[in-house]
$ cat entry-v7.cif   # mmCIF, C-alpha atoms (C1' of nucleotides)
data_entry
#
loop_
_atom_site.label_atom_id
_atom_site.label_comp_id
_atom_site.auth_asym_id
_atom_site.auth_seq_id
_atom_site.Cartn_x
_atom_site.Cartn_y
_atom_site.Cartn_z
CA MET A 1 -32.68 -9.80 -17.93
CA SER A 2 -29.75 -9.17 -15.65
CA THR A 3 -28.95 -5.77 -14.19
CA GLN A 4 -27.54 -3.22 -16.57
CA PHE A 5 -24.16 -2.02 -15.53
CA PRO A 6 -24.30 1.78 -15.37
CA ALA A 7 -21.92 3.81 -17.51
CA PRO A 8 -19.03 5.47 -15.65
CA ASP A 9 -20.67 8.89 -15.86
CA ALA A 10 -24.20 7.73 -15.07
CA PRO A 11 -26.03 9.61 -12.31
CA GLU A 12 -26.33 6.52 -10.08
CA ARG A 13 -22.55 6.48 -10.03
CA ARG A 14 -22.26 10.05 -8.81
CA ARG A 15 -19.68 10.33 -6.09
CA ASN A 16 -20.95 9.05 -2.79
CA LEU A 17 -19.97 10.45 0.58
CA VAL A 18 -17.26 7.86 1.18
CA VAL A 19 -15.60 8.59 -2.15
CA GLN A 20 -15.95 12.32 -1.47
CA LEU A 21 -14.23 11.98 1.89
CA ARG A 22 -11.43 9.94 0.34
CA GLU A 23 -10.93 12.37 -2.51
CA ALA A 24 -10.99 15.48 -0.33
CA TYR A 25 -8.53 13.84 2.03
CA SER A 26 -6.08 12.70 -0.58
CA ALA A 27 -6.32 15.91 -2.60
CA ILE A 28 -4.91 17.72 0.43
CA ASN A 29 -2.69 14.98 1.75
CA ASP A 30 -0.96 14.43 -1.58
CA LEU A 31 0.60 17.86 -1.12
CA VAL A 32 2.44 16.84 2.07
CA PRO A 33 5.48 15.22 0.41
CA GLU A 34 5.84 18.26 -1.84
CA HIS A 35 5.84 20.55 1.19
CA LEU A 36 8.41 18.45 3.05
CA VAL A 37 10.67 18.10 0.02
CA ALA A 38 10.53 21.88 -0.42
CA HIS A 39 12.03 22.11 3.06
CA GLY A 40 14.73 19.56 2.36
CA PHE A 41 13.21 16.44 3.88
CA THR A 42 13.30 13.87 1.09
CA ASP A 43 13.43 10.74 3.22
CA PHE A 44 10.37 11.44 5.33
CA ARG A 45 7.16 9.75 4.16
CA PRO A 46 3.59 10.46 5.29
CA ALA A 47 3.37 7.20 7.22
CA HIS A 48 6.21 8.35 9.45
CA SER A 49 4.14 11.22 10.73
CA LYS A 50 2.31 8.66 12.85
CA VAL A 51 5.42 8.34 14.97
CA PHE A 52 5.63 12.06 15.66
CA GLU A 53 1.89 12.31 16.17
CA TYR A 54 2.19 10.18 19.28
CA LEU A 55 5.70 10.85 20.47
CA ASP A 56 6.49 12.93 23.54
CA ASP A 57 9.61 14.67 24.62
CA THR A 58 10.24 12.46 27.62
CA GLY A 59 10.52 9.43 25.35
CA THR A 60 7.98 6.80 24.38
CA THR A 61 8.32 3.07 23.82
CA VAL A 62 7.54 1.51 20.46
CA ASN A 63 4.78 -0.46 22.11
CA THR A 64 3.10 2.66 23.43
CA LEU A 65 3.42 4.38 20.06
CA ALA A 66 1.89 1.34 18.38
CA ARG A 67 -1.03 1.31 20.78
CA ARG A 68 -1.68 5.03 20.33
CA ALA A 69 -1.54 4.72 16.55
CA SER A 70 -3.71 1.55 16.52
CA MET A 71 -1.20 -0.57 14.72
CA THR A 72 1.01 -3.56 15.54
CA LYS A 73 4.24 -3.00 17.41
CA GLN A 74 6.12 -4.62 14.50
CA ALA A 75 4.74 -2.09 12.05
CA MET A 76 5.59 0.78 14.37
CA ALA A 77 9.04 -0.70 14.99
CA GLN A 78 9.69 -0.56 11.25
CA LEU A 79 8.70 3.08 11.01
CA VAL A 80 10.88 3.91 14.00
CA ALA A 81 13.80 1.96 12.53
CA HIS A 82 13.58 3.96 9.32
CA LEU A 83 13.41 7.23 11.22
CA GLU A 84 16.36 6.18 13.36
CA ASP A 85 18.41 5.28 10.26
CA HIS A 86 17.73 8.74 8.88
CA GLY A 87 18.47 10.63 12.05
CA TYR A 88 14.95 11.73 13.00
CA VAL A 89 14.79 9.82 16.28
CA THR A 90 17.15 8.02 18.65
CA ARG A 91 16.45 5.17 21.01
CA GLN A 92 17.75 4.99 24.54
CA PRO A 93 17.34 2.23 27.10
CA ASP A 94 14.61 3.02 29.58
CA PRO A 95 16.28 3.40 33.00
CA ASP A 96 13.14 2.13 34.73
CA ASP A 97 12.56 -0.97 32.59
CA ARG A 98 15.44 -2.97 31.22
CA ARG A 99 13.27 -4.50 28.48
CA ALA A 100 12.20 -1.15 27.09
CA LYS A 101 13.81 1.41 24.83
CA LEU A 102 12.56 4.97 24.66
CA VAL A 103 12.14 6.64 21.30
CA LEU A 104 13.18 10.30 21.36
CA PRO A 105 13.10 12.97 18.66
CA THR A 106 16.44 14.38 17.53
CA ASP A 107 16.84 18.04 16.55
CA ARG A 108 16.26 16.95 12.97
CA GLY A 109 13.11 15.20 14.12
CA ARG A 110 11.90 18.35 15.85
CA ARG A 111 12.55 20.35 12.72
CA VAL A 112 10.51 18.09 10.46
CA PHE A 113 7.72 18.16 13.01
CA GLU A 114 7.77 21.95 13.02
CA VAL A 115 7.73 22.08 9.23
CA ALA A 116 4.76 19.72 9.11
CA GLN A 117 2.95 21.70 11.80
CA SER A 118 3.62 24.98 10.04
CA TRP A 119 1.82 23.64 7.02
CA VAL A 120 -1.45 23.02 8.86
CA PRO A 121 -2.40 26.70 9.36
CA GLN A 122 -1.81 27.28 5.65
CA VAL A 123 -4.24 24.52 4.75
CA HIS A 124 -6.77 25.72 7.30
CA ALA A 125 -6.54 29.27 5.97
CA ARG A 126 -7.02 28.08 2.42
CA VAL A 127 -10.08 26.04 3.34
CA GLN A 128 -11.51 28.88 5.45
CA GLY A 129 -11.07 31.20 2.50
CA LEU A 130 -12.90 28.68 0.36
CA LEU A 131 -15.82 27.93 2.66
CA GLY A 132 -15.90 30.79 5.12
CA SER A 133 -15.19 30.46 8.83
CA ASP A 134 -18.67 29.30 9.80
CA ARG A 135 -18.84 26.41 7.41
CA PHE A 136 -15.24 25.55 8.14
CA GLU A 137 -16.10 25.10 11.81
CA GLU A 138 -19.26 23.21 10.89
CA LEU A 139 -17.27 20.95 8.63
CA ARG A 140 -14.88 20.13 11.45
CA ARG A 141 -17.76 19.40 13.82
CA ASP A 142 -19.46 17.21 11.22
CA LEU A 143 -16.31 15.24 10.51
CA GLU A 144 -15.78 14.69 14.20
CA ALA A 145 -19.40 13.54 14.56
CA ILE A 146 -18.95 11.09 11.69
CA ARG A 147 -15.73 9.75 13.15
CA ARG A 148 -17.39 9.11 16.49
CA GLU A 149 -20.53 7.64 14.91
CA PHE A 150 -18.67 5.11 12.79
CA ALA A 151 -15.63 4.48 14.98
CA ASP A 152 -15.03 0.93 16.16
CA GLN A 153 -17.92 0.17 18.41
CA HIS A 154 -17.47 -3.16 20.18
CA MET B 1 16.81 26.06 24.25
CA SER B 2 15.34 23.84 21.56
CA THR B 3 11.63 23.52 20.88
CA GLN B 4 9.65 21.56 23.40
CA PHE B 5 7.97 18.59 21.86
CA PRO B 6 4.29 18.80 22.76
CA ALA B 7 2.69 15.96 24.67
CA PRO B 8 0.34 13.72 22.66
CA ASP B 9 -2.74 15.33 24.22
CA ALA B 10 -1.47 18.93 24.05
CA PRO B 11 -3.85 21.46 22.47
CA GLU B 12 -1.46 22.28 19.63
CA ARG B 13 -1.77 18.67 18.62
CA ARG B 14 -5.55 18.78 18.40
CA ARG B 15 -6.77 17.05 15.30
CA ASN B 16 -6.27 19.13 12.21
CA LEU B 17 -8.57 19.08 9.20
CA VAL B 18 -6.43 16.61 7.27
CA VAL B 19 -6.43 14.13 10.13
CA GLN B 20 -10.15 14.66 10.59
CA LEU B 21 -10.82 13.90 6.94
CA ARG B 22 -8.69 10.78 7.10
CA GLU B 23 -10.34 9.54 10.28
CA ALA B 24 -13.88 10.22 9.11
CA TYR B 25 -13.10 8.45 5.85
CA SER B 26 -11.51 5.38 7.35
CA ALA B 27 -14.08 5.11 10.13
CA ILE B 28 -16.71 4.57 7.44
CA ASN B 29 -14.57 2.76 4.92
CA ASP B 30 -13.33 0.19 7.41
CA LEU B 31 -16.88 -1.16 7.48
CA VAL B 32 -16.85 -2.10 3.79
CA PRO B 33 -15.09 -5.49 4.11
CA GLU B 34 -17.48 -6.41 6.91
CA HIS B 35 -20.46 -5.57 4.70
CA LEU B 36 -19.13 -7.57 1.76
CA VAL B 37 -18.20 -10.57 3.88
CA ALA B 38 -21.70 -10.51 5.34
CA HIS B 39 -22.96 -11.00 1.78
CA GLY B 40 -20.54 -13.84 1.05
CA PHE B 41 -17.82 -11.98 -0.84
CA THR B 42 -14.64 -12.86 1.01
CA ASP B 43 -12.22 -12.45 -1.88
CA PHE B 44 -13.18 -8.93 -2.83
CA ARG B 45 -10.99 -6.19 -1.35
CA PRO B 46 -11.67 -2.44 -1.27
CA ALA B 47 -9.01 -1.75 -3.90
CA HIS B 48 -10.96 -3.84 -6.39
CA SER B 49 -13.86 -1.45 -6.24
CA LYS B 50 -11.77 0.85 -8.43
CA VAL B 51 -12.29 -1.56 -11.29
CA PHE B 52 -16.06 -1.51 -10.98
CA GLU B 53 -16.11 2.22 -10.41
CA TYR B 54 -14.88 2.77 -13.95
CA LEU B 55 -16.15 -0.27 -15.79
CA ASP B 56 -19.00 -0.16 -18.26
CA ASP B 57 -21.25 -2.82 -19.62
CA THR B 58 -19.93 -2.64 -23.16
CA GLY B 59 -16.47 -3.57 -21.94
CA THR B 60 -13.46 -1.45 -21.09
CA THR B 61 -9.76 -2.00 -21.68
CA VAL B 62 -7.32 -2.19 -18.78
CA ASN B 63 -5.60 0.89 -20.12
CA THR B 64 -8.79 2.92 -20.06
CA LEU B 65 -9.61 1.71 -16.56
CA ALA B 66 -6.13 2.67 -15.43
CA ARG B 67 -6.46 6.14 -16.90
CA ARG B 68 -9.87 6.69 -15.31
CA ALA B 69 -8.61 5.53 -11.92
CA SER B 70 -5.38 7.55 -12.19
CA MET B 71 -3.09 4.59 -11.74
CA THR B 72 -0.63 2.66 -13.88
CA LYS B 73 -1.91 0.07 -16.30
CA GLN B 74 0.24 -2.54 -14.54
CA ALA B 75 -1.45 -1.86 -11.21
CA MET B 76 -4.87 -2.00 -12.83
CA ALA B 77 -3.92 -5.16 -14.71
CA GLN B 78 -3.14 -6.81 -11.37
CA LEU B 79 -6.51 -5.87 -9.91
CA VAL B 80 -8.26 -7.14 -13.03
CA ALA B 81 -6.25 -10.38 -12.97
CA HIS B 82 -7.33 -11.03 -9.40
CA LEU B 83 -10.95 -10.30 -10.22
CA GLU B 84 -10.76 -12.56 -13.26
CA ASP B 85 -9.26 -15.39 -11.19
CA HIS B 86 -12.16 -15.09 -8.78
CA GLY B 87 -14.86 -14.86 -11.41
CA TYR B 88 -15.87 -11.22 -11.05
CA VAL B 89 -14.87 -10.19 -14.57
CA THR B 90 -13.97 -11.81 -17.88
CA ARG B 91 -11.79 -10.55 -20.66
CA GLN B 92 -12.63 -10.82 -24.32
CA PRO B 93 -10.60 -9.77 -27.34
CA ASP B 94 -11.75 -6.41 -28.70
CA PRO B 95 -13.13 -7.04 -32.20
CA ASP B 96 -12.07 -3.54 -33.28
CA ASP B 97 -8.49 -3.66 -31.97
CA ARG B 98 -6.50 -6.86 -32.02
CA ARG B 99 -4.10 -5.59 -29.34
CA ALA B 100 -6.87 -4.91 -26.87
CA LYS B 101 -8.92 -7.01 -24.50
CA LEU B 102 -12.18 -5.79 -23.07
CA VAL B 103 -12.89 -6.30 -19.39
CA LEU B 104 -16.50 -7.23 -18.73
CA PRO B 105 -18.35 -7.86 -15.47
CA THR B 106 -19.72 -11.37 -14.91
CA ASP B 107 -23.00 -11.98 -13.10
CA ARG B 108 -20.99 -12.44 -9.94
CA GLY B 109 -19.32 -9.09 -10.66
CA ARG B 110 -22.69 -7.42 -11.07
CA ARG B 111 -23.86 -8.89 -7.78
CA VAL B 112 -20.92 -7.58 -5.79
CA PHE B 113 -21.41 -4.19 -7.41
CA GLU B 114 -25.05 -4.20 -6.38
CA VAL B 115 -24.18 -5.19 -2.82
CA ALA B 116 -21.64 -2.39 -2.60
CA GLN B 117 -24.09 0.10 -4.09
CA SER B 118 -26.85 -0.98 -1.74
CA TRP B 119 -24.62 -0.08 1.19
CA VAL B 120 -24.23 3.55 0.14
CA PRO B 121 -27.82 4.63 0.91
CA GLN B 122 -27.48 3.06 4.35
CA VAL B 123 -24.40 5.14 5.06
CA HIS B 124 -26.01 8.26 3.67
CA ALA B 125 -29.11 7.71 5.78
CA ARG B 126 -27.03 7.23 8.89
CA VAL B 127 -25.05 10.40 8.27
CA GLN B 128 -28.21 12.33 7.44
CA GLY B 129 -29.73 11.16 10.68
CA LEU B 130 -26.63 12.34 12.46
CA LEU B 131 -26.26 15.77 10.87
CA GLY B 132 -29.65 16.51 9.35
CA SER B 133 -30.33 16.82 5.65
CA ASP B 134 -29.18 20.42 5.32
CA ARG B 135 -25.78 19.90 6.80
CA PHE B 136 -25.43 16.63 4.97
CA GLU B 137 -25.85 18.44 1.66
CA GLU B 138 -23.56 21.24 2.81
CA LEU B 139 -20.96 18.69 3.81
CA ARG B 140 -21.07 17.14 0.36
CA ARG B 141 -20.74 20.52 -1.30
CA ASP B 142 -17.85 21.47 0.96
CA LEU B 143 -16.00 18.23 0.32
CA GLU B 144 -16.44 18.70 -3.41
CA ALA B 145 -15.15 22.26 -3.12
CA ILE B 146 -12.10 21.05 -1.22
CA ARG B 147 -11.42 18.34 -3.75
CA ARG B 148 -11.52 20.82 -6.60
CA GLU B 149 -9.48 23.43 -4.73
CA PHE B 150 -6.64 21.05 -3.89
CA ALA B 151 -6.85 18.68 -6.85
CA ASP B 152 -3.82 18.39 -9.09
CA GLN B 153 -3.50 21.79 -10.64
CA HIS B 154 -0.95 21.75 -13.46
"C1'" DC C 1 2.81 2.20 -49.08
"C1'" DT C 2 6.29 2.61 -45.69
"C1'" DC C 3 8.31 4.02 -41.66
"C1'" DA C 4 8.29 6.19 -37.17
"C1'" DT C 5 5.67 6.68 -33.26
"C1'" DT C 6 2.16 5.55 -30.11
"C1'" DT C 7 -0.75 2.38 -27.68
"C1'" DC C 8 -2.26 -2.26 -25.54
"C1'" DG C 9 -1.00 -5.68 -22.89
"C1'" DA C 10 2.49 -9.05 -20.68
"C1'" DC C 11 6.42 -10.05 -17.85
"C1'" DA C 12 9.97 -9.15 -14.44
"C1'" DG C 13 11.28 -7.04 -10.45
"C1'" DG C 14 11.06 -3.58 -6.68
"C1'" DT C 15 8.96 -0.89 -2.73
"C1'" DA C 16 6.05 0.94 1.17
"C1'" DA C 17 3.35 -0.11 4.67
"C1'" DC C 18 1.48 -3.00 6.73
"C1'" DT C 19 0.31 -8.10 8.68
"C1'" DT C 20 0.99 -12.83 11.54
"C1'" DG C 21 3.92 -15.91 14.02
"C1'" DT C 22 7.68 -17.02 16.95
"C1'" DC C 23 11.05 -16.17 20.35
"C1'" DC C 24 13.55 -14.30 24.39
"C1'" DA C 25 14.35 -11.31 28.31
"C1'" DT C 26 12.46 -8.77 31.86
"C1'" DA C 27 8.49 -7.25 34.96
"C1'" DG C 28 4.81 -7.78 37.92
"C1'" DC C 29 1.83 -10.54 40.73
"C1'" DC C 30 0.18 -14.22 43.89
"C1'" DG D 1 9.38 -19.16 43.01
"C1'" DG D 2 6.59 -19.65 39.34
"C1'" DC D 3 3.02 -17.96 36.10
"C1'" DT D 4 1.64 -14.66 33.12
"C1'" DA D 5 2.01 -10.24 30.82
"C1'" DT D 6 4.86 -7.01 28.39
"C1'" DG D 7 8.77 -4.86 25.42
"C1'" DG D 8 11.29 -5.80 21.71
"C1'" DA D 9 13.74 -8.55 17.80
"C1'" DC D 10 13.65 -11.56 13.86
"C1'" DA D 11 11.51 -13.94 9.97
"C1'" DA D 12 8.30 -14.24 6.51
"C1'" DG D 13 4.02 -13.12 4.03
"C1'" DT D 14 0.51 -9.80 1.87
"C1'" DT D 15 -1.60 -5.82 -0.43
"C1'" DA D 16 -1.40 -2.36 -3.40
"C1'" DC D 17 1.01 -0.04 -5.64
"C1'" DC D 18 5.50 1.38 -8.64
"C1'" DT D 19 9.33 1.41 -12.77
"C1'" DG D 20 11.39 -0.72 -16.70
"C1'" DT D 21 11.25 -3.48 -20.73
"C1'" DC D 22 9.29 -5.93 -24.44
"C1'" DG D 23 6.51 -7.51 -28.64
"C1'" DA D 24 2.48 -6.90 -31.37
"C1'" DA D 25 -0.75 -4.11 -33.40
"C1'" DA D 26 -2.62 0.57 -34.62
"C1'" DT D 27 -1.99 5.19 -36.23
"C1'" DG D 28 -0.24 9.22 -38.53
"C1'" DA D 29 3.13 11.66 -41.65
"C1'" DG D 30 5.48 11.85 -45.74
#

$ encode --input "entry-v7.cif" --output "structure tokens"
Amino acid sequence: MSTQFPAPDAPERRRNLVVQLREAYSAINDLVPEHLVAHGFTDFRPAHSKVFEYLDDTGTTVNTLARRASMTKQAMAQLVAHLEDHGYVTRQPDPDDRRAKLVLPTDRGRRVFEVAQSWVPQVHARVQGLLGSDRFEELRRDLEAIRREFADQH
Amino acid sequence: MSTQFPAPDAPERRRNLVVQLREAYSAINDLVPEHLVAHGFTDFRPAHSKVFEYLDDTGTTVNTLARRASMTKQAMAQLVAHLEDHGYVTRQPDPDDRRAKLVLPTDRGRRVFEVAQSWVPQVHARVQGLLGSDRFEELRRDLEAIRREFADQH
DNA sequence: CTCATTTCGACAGGTAACTTGTCCATAGCC
DNA sequence: GGCTATGGACAAGTTACCTGTCGAAATGAG
């Protein structure tokens, strides 16, 4: 007889760690758009945060951003193009390299970054309240350990 | 003077919990395709696991699957169509409802499910080895608490 | 029983966030 | 000076979703 397929609520289908990580992540992350919209940023999507995560004030090339974010330069170029269209960043020719263009945040870009950053302490506080400070710190250490353990090893 | 934009390695840009959750999740999850390919399943993508996560042996309609997976029936129908094309599931008319078709796993579908399931204990063992059993269980409890705390409350 | 509403599935089309491939101009190196 | 590497643009394809619409069948209310 072939393997029985367990029912959706069967114990052997109880959430595994990977599913738990995904669900905890997206439960929190799904609230990001809501937070940004509440502050008037309707054209800023979660994927765009990757640009600001790796941008610096002196200007950064699309290629560098792509490398830092571990994605192709074409993908990063698309994100940057969208952000440029909506006034979050500008691009200026690099004076030291005539091939390159430097991506720079505009004031609007700085504002959305600040709004996103201001949300983080709220989340941290809520999770600390839920778990307590000790387990919150442990959780962060454990997640970091997992990331390192499973990160691309080649 | 406007806000300085912190450098990519500045302390105020240290990984926050949301980023840590995402990175821990994708560090592990990125290994899934590799595992499946190693067992000869090249046409099975992570998104398709959602079908098997909510399927039962007596057959399930696309609509039910969609509801369980919190996605639209059209999206689920696409996943099911792909899996049917590649012989992982079949669809039979529901004898009790002439509108409905029941999605059923094939033997091939059962095998890929088993392969995916067999990978979970390996991951759990590796994480337990990394953190120890106590913190592993704590981690699971904490993730579950976070999921519940931040899950759609309406 | 009939009619209005809901539900199941199909079809068409659109979008976000990526990907690969190709190309050109400029830079850097021997 | 020539070879190779790099920054960026353009084109096209893919995955995993979405909305909108439709017909057929089921369901519930009168």

$ resolve_selection --input "entry-v7.cif" --expression "the PyMOL selection byres ((chain A) within 7 of (chain C))" --output "list in words"
Ala75, Arg98 and Arg99 of chain A

$ atom_distance --input "entry-v7.cif" --atom1 "atom CA of Arg91 of chain A" --atom2 "atom C1' of DG13 of chain D"
27.9 Å

$ resolve_selection --input "entry-v7.cif" --expression "the PyMOL selection byres ((chain D) within 9 of (chain A))" --output "VMD selection string"
chain D and resid 6 to 8

$ closest_atom_pairs --input "entry-v7.cif" --of "chain B" --to "chain A" --cutoff "6 Å" --atoms "all atoms listed in the file" --output "tab-separated table"
residue	atom	partner	partner_atom	distance
B:Phe5	CA	A:Asp57	CA	5.1
B:Ala7	CA	A:Asp56	CA	5.0
B:Pro8	CA	A:Tyr54	CA	5.2
B:Leu21	CA	A:Tyr25	CA	5.4
B:Arg22	CA	A:Tyr25	CA	5.9
B:Ala24	CA	A:Arg147	CA	4.5
B:Tyr25	CA	A:Leu21	CA	5.4
B:Ala27	CA	A:Ala151	CA	5.1
B:Ile28	CA	A:Phe150	CA	5.7
B:Tyr54	CA	A:Pro8	CA	5.2
B:Asp56	CA	A:Ala7	CA	5.0
B:Asp57	CA	A:Phe5	CA	5.1
B:Leu143	CA	A:Ala24	CA	5.8
B:Ile146	CA	A:Ala24	CA	5.7
B:Arg147	CA	A:Ala24	CA	4.5
B:Phe150	CA	A:Ala27	CA	5.3
B:Ala151	CA	A:Ala27	CA	5.1

$ calpha_fit_and_write --input "entry-v7.cif" --fixed "chain A" --moving "chain B" --output "compact mmCIF listing (two decimals) with C-alpha atoms, keeping the file's coordinate frame"
# COMPACT_ATOMS: atom_id res chain seq x y z
CA MET B 1 -32.71 -9.80 -18.04
CA SER B 2 -29.76 -9.13 -15.77
CA THR B 3 -28.97 -5.75 -14.26
CA GLN B 4 -27.57 -3.18 -16.62
CA PHE B 5 -24.18 -2.00 -15.56
CA PRO B 6 -24.31 1.78 -15.39
CA ALA B 7 -21.94 3.82 -17.52
CA PRO B 8 -19.07 5.51 -15.65
CA ASP B 9 -20.77 8.91 -15.87
CA ALA B 10 -24.30 7.68 -15.06
CA PRO B 11 -26.13 9.57 -12.30
CA GLU B 12 -26.38 6.50 -10.06
CA ARG B 13 -22.62 6.49 -10.02
CA ARG B 14 -22.36 10.07 -8.81
CA ARG B 15 -19.80 10.39 -6.09
CA ASN B 16 -21.04 9.09 -2.79
CA LEU B 17 -20.03 10.49 0.58
CA VAL B 18 -17.33 7.89 1.15
CA VAL B 19 -15.68 8.64 -2.17
CA GLN B 20 -16.00 12.35 -1.49
CA LEU B 21 -14.27 12.00 1.86
CA ARG B 22 -11.48 9.96 0.31
CA GLU B 23 -10.98 12.40 -2.54
CA ALA B 24 -11.04 15.50 -0.36
CA TYR B 25 -8.56 13.85 1.98
CA SER B 26 -6.12 12.70 -0.65
CA ALA B 27 -6.37 15.92 -2.64
CA ILE B 28 -4.94 17.72 0.39
CA ASN B 29 -2.72 14.96 1.68
CA ASP B 30 -0.99 14.42 -1.64
CA LEU B 31 0.58 17.84 -1.15
CA VAL B 32 2.44 16.80 2.00
CA PRO B 33 5.47 15.16 0.34
CA GLU B 34 5.83 18.21 -1.89
CA HIS B 35 5.84 20.49 1.15
CA LEU B 36 8.41 18.40 3.00
CA VAL B 37 10.68 18.05 -0.02
CA ALA B 38 10.53 21.81 -0.46
CA HIS B 39 12.02 22.06 3.04
CA GLY B 40 14.75 19.50 2.32
CA PHE B 41 13.22 16.39 3.87
CA THR B 42 13.33 13.82 1.10
CA ASP B 43 13.48 10.71 3.26
CA PHE B 44 10.42 11.41 5.35
CA ARG B 45 7.22 9.73 4.15
CA PRO B 46 3.65 10.44 5.27
CA ALA B 47 3.44 7.18 7.21
CA HIS B 48 6.26 8.36 9.45
CA SER B 49 4.16 11.21 10.71
CA LYS B 50 2.34 8.63 12.82
CA VAL B 51 5.44 8.33 14.96
CA PHE B 52 5.62 12.05 15.66
CA GLU B 53 1.88 12.28 16.15
CA TYR B 54 2.17 10.15 19.27
CA LEU B 55 5.67 10.84 20.48
CA ASP B 56 6.44 12.92 23.53
CA ASP B 57 9.54 14.69 24.66
CA THR B 58 10.17 12.46 27.65
CA GLY B 59 10.47 9.45 25.37
CA THR B 60 7.96 6.81 24.38
CA THR B 61 8.34 3.08 23.82
CA VAL B 62 7.57 1.51 20.45
CA ASN B 63 4.81 -0.48 22.08
CA THR B 64 3.10 2.63 23.40
CA LEU B 65 3.43 4.36 20.04
CA ALA B 66 1.93 1.32 18.35
CA ARG B 67 -1.00 1.27 20.74
CA ARG B 68 -1.66 4.99 20.29
CA ALA B 69 -1.53 4.69 16.51
CA SER B 70 -3.67 1.52 16.47
CA MET B 71 -1.12 -0.59 14.66
CA THR B 72 1.09 -3.55 15.49
CA LYS B 73 4.31 -3.00 17.36
CA GLN B 74 6.19 -4.62 14.47
CA ALA B 75 4.82 -2.08 12.00
CA MET B 76 5.65 0.77 14.35
CA ALA B 77 9.10 -0.68 14.99
CA GLN B 78 9.76 -0.54 11.25
CA LEU B 79 8.76 3.10 11.02
CA VAL B 80 10.93 3.93 14.02
CA ALA B 81 13.87 1.98 12.57
CA HIS B 82 13.66 3.98 9.36
CA LEU B 83 13.46 7.25 11.25
CA GLU B 84 16.41 6.23 13.41
CA ASP B 85 18.48 5.32 10.34
CA HIS B 86 17.80 8.76 8.93
CA GLY B 87 18.48 10.65 12.13
CA TYR B 88 14.97 11.76 13.04
CA VAL B 89 14.80 9.85 16.33
CA THR B 90 17.14 8.07 18.73
CA ARG B 91 16.47 5.23 21.08
CA GLN B 92 17.74 5.05 24.62
CA PRO B 93 17.35 2.28 27.18
CA ASP B 94 14.56 3.05 29.65
CA PRO B 95 16.18 3.43 33.08
CA ASP B 96 13.00 2.15 34.76
CA ASP B 97 12.49 -0.94 32.58
CA ARG B 98 15.42 -2.90 31.25
CA ARG B 99 13.31 -4.48 28.49
CA ALA B 100 12.24 -1.13 27.10
CA LYS B 101 13.82 1.46 24.86
CA LEU B 102 12.54 5.00 24.71
CA VAL B 103 12.14 6.67 21.34
CA LEU B 104 13.16 10.32 21.41
CA PRO B 105 13.08 12.98 18.69
CA THR B 106 16.42 14.41 17.58
CA ASP B 107 16.81 18.06 16.58
CA ARG B 108 16.27 16.97 13.01
CA GLY B 109 13.10 15.20 14.15
CA ARG B 110 11.87 18.35 15.85
CA ARG B 111 12.53 20.35 12.71
CA VAL B 112 10.52 18.07 10.46
CA PHE B 113 7.71 18.14 13.00
CA GLU B 114 7.76 21.92 12.99
CA VAL B 115 7.72 22.04 9.19
CA ALA B 116 4.76 19.68 9.09
CA GLN B 117 2.95 21.66 11.78
CA SER B 118 3.61 24.94 10.02
CA TRP B 119 1.80 23.60 6.97
CA VAL B 120 -1.46 22.97 8.83
CA PRO B 121 -2.40 26.64 9.33
CA GLN B 122 -1.81 27.23 5.63
CA VAL B 123 -4.24 24.48 4.74
CA HIS B 124 -6.76 25.68 7.29
CA ALA B 125 -6.52 29.23 5.98
CA ARG B 126 -7.03 28.07 2.43
CA VAL B 127 -10.08 26.02 3.35
CA GLN B 128 -11.47 28.86 5.46
CA GLY B 129 -11.05 31.19 2.53
CA LEU B 130 -12.90 28.70 0.40
CA LEU B 131 -15.82 27.94 2.71
CA GLY B 132 -15.87 30.80 5.19
CA SER B 133 -15.15 30.46 8.89
CA ASP B 134 -18.63 29.29 9.87
CA ARG B 135 -18.79 26.42 7.48
CA PHE B 136 -15.20 25.55 8.20
CA GLU B 137 -16.05 25.08 11.87
CA GLU B 138 -19.23 23.21 10.97
CA LEU B 139 -17.24 20.96 8.68
CA ARG B 140 -14.85 20.11 11.49
CA ARG B 141 -17.70 19.38 13.85
CA ASP B 142 -19.44 17.22 11.27
CA LEU B 143 -16.31 15.23 10.51
CA GLU B 144 -15.76 14.65 14.21
CA ALA B 145 -19.37 13.52 14.57
CA ILE B 146 -18.94 11.09 11.69
CA ARG B 147 -15.74 9.72 13.13
CA ARG B 148 -17.38 9.07 16.47
CA GLU B 149 -20.54 7.64 14.91
CA PHE B 150 -18.70 5.11 12.76
CA ALA B 151 -15.64 4.49 14.91
CA ASP B 152 -15.03 0.96 16.13
CA GLN B 153 -17.93 0.26 18.41
CA HIS B 154 -17.37 -2.96 20.35

$ atom_distance --input "entry-v7.cif" --atom1 "atom CA of Ala38 of chain B" --atom2 "atom CA of Val80 of chain B"
23.0 Å

$ atom_distance --input "entry-v7.cif" --atom1 "atom CA of Ala116 of chain A" --atom2 "atom CA of His39 of chain A"
9.8 Å

$ closest_residue --input "entry-v7.cif" --among "B:Asp96, B:Gly132, B:Arg108, B:Val103" --to "DA26 of chain D" --atoms "only C-alpha atoms (C1' of nucleotides)"
B:Asp96

$ residues_around --input "entry-v7.cif" --residues "Leu102 of chain A" --least-positions-apart "3" --cutoff "7 Å" --atoms "all atoms listed in the file" --output "PDB file with C-alpha atoms, in the frame of the given file"
ATOM      1  CA  GLY A  59      10.520   9.430  25.350  1.00  0.00           C
ATOM      2  CA  THR A  60       7.980   6.800  24.380  1.00  0.00           C
ATOM      3  CA  THR A  61       8.320   3.070  23.820  1.00  0.00           C
ATOM      4  CA  ARG A  91      16.450   5.170  21.010  1.00  0.00           C
ATOM      5  CA  GLN A  92      17.750   4.990  24.540  1.00  0.00           C
ATOM      6  CA  PRO A  93      17.340   2.230  27.100  1.00  0.00           C
ATOM      7  CA  ASP A  94      14.610   3.020  29.580  1.00  0.00           C
TER       8      ASP A  94
END
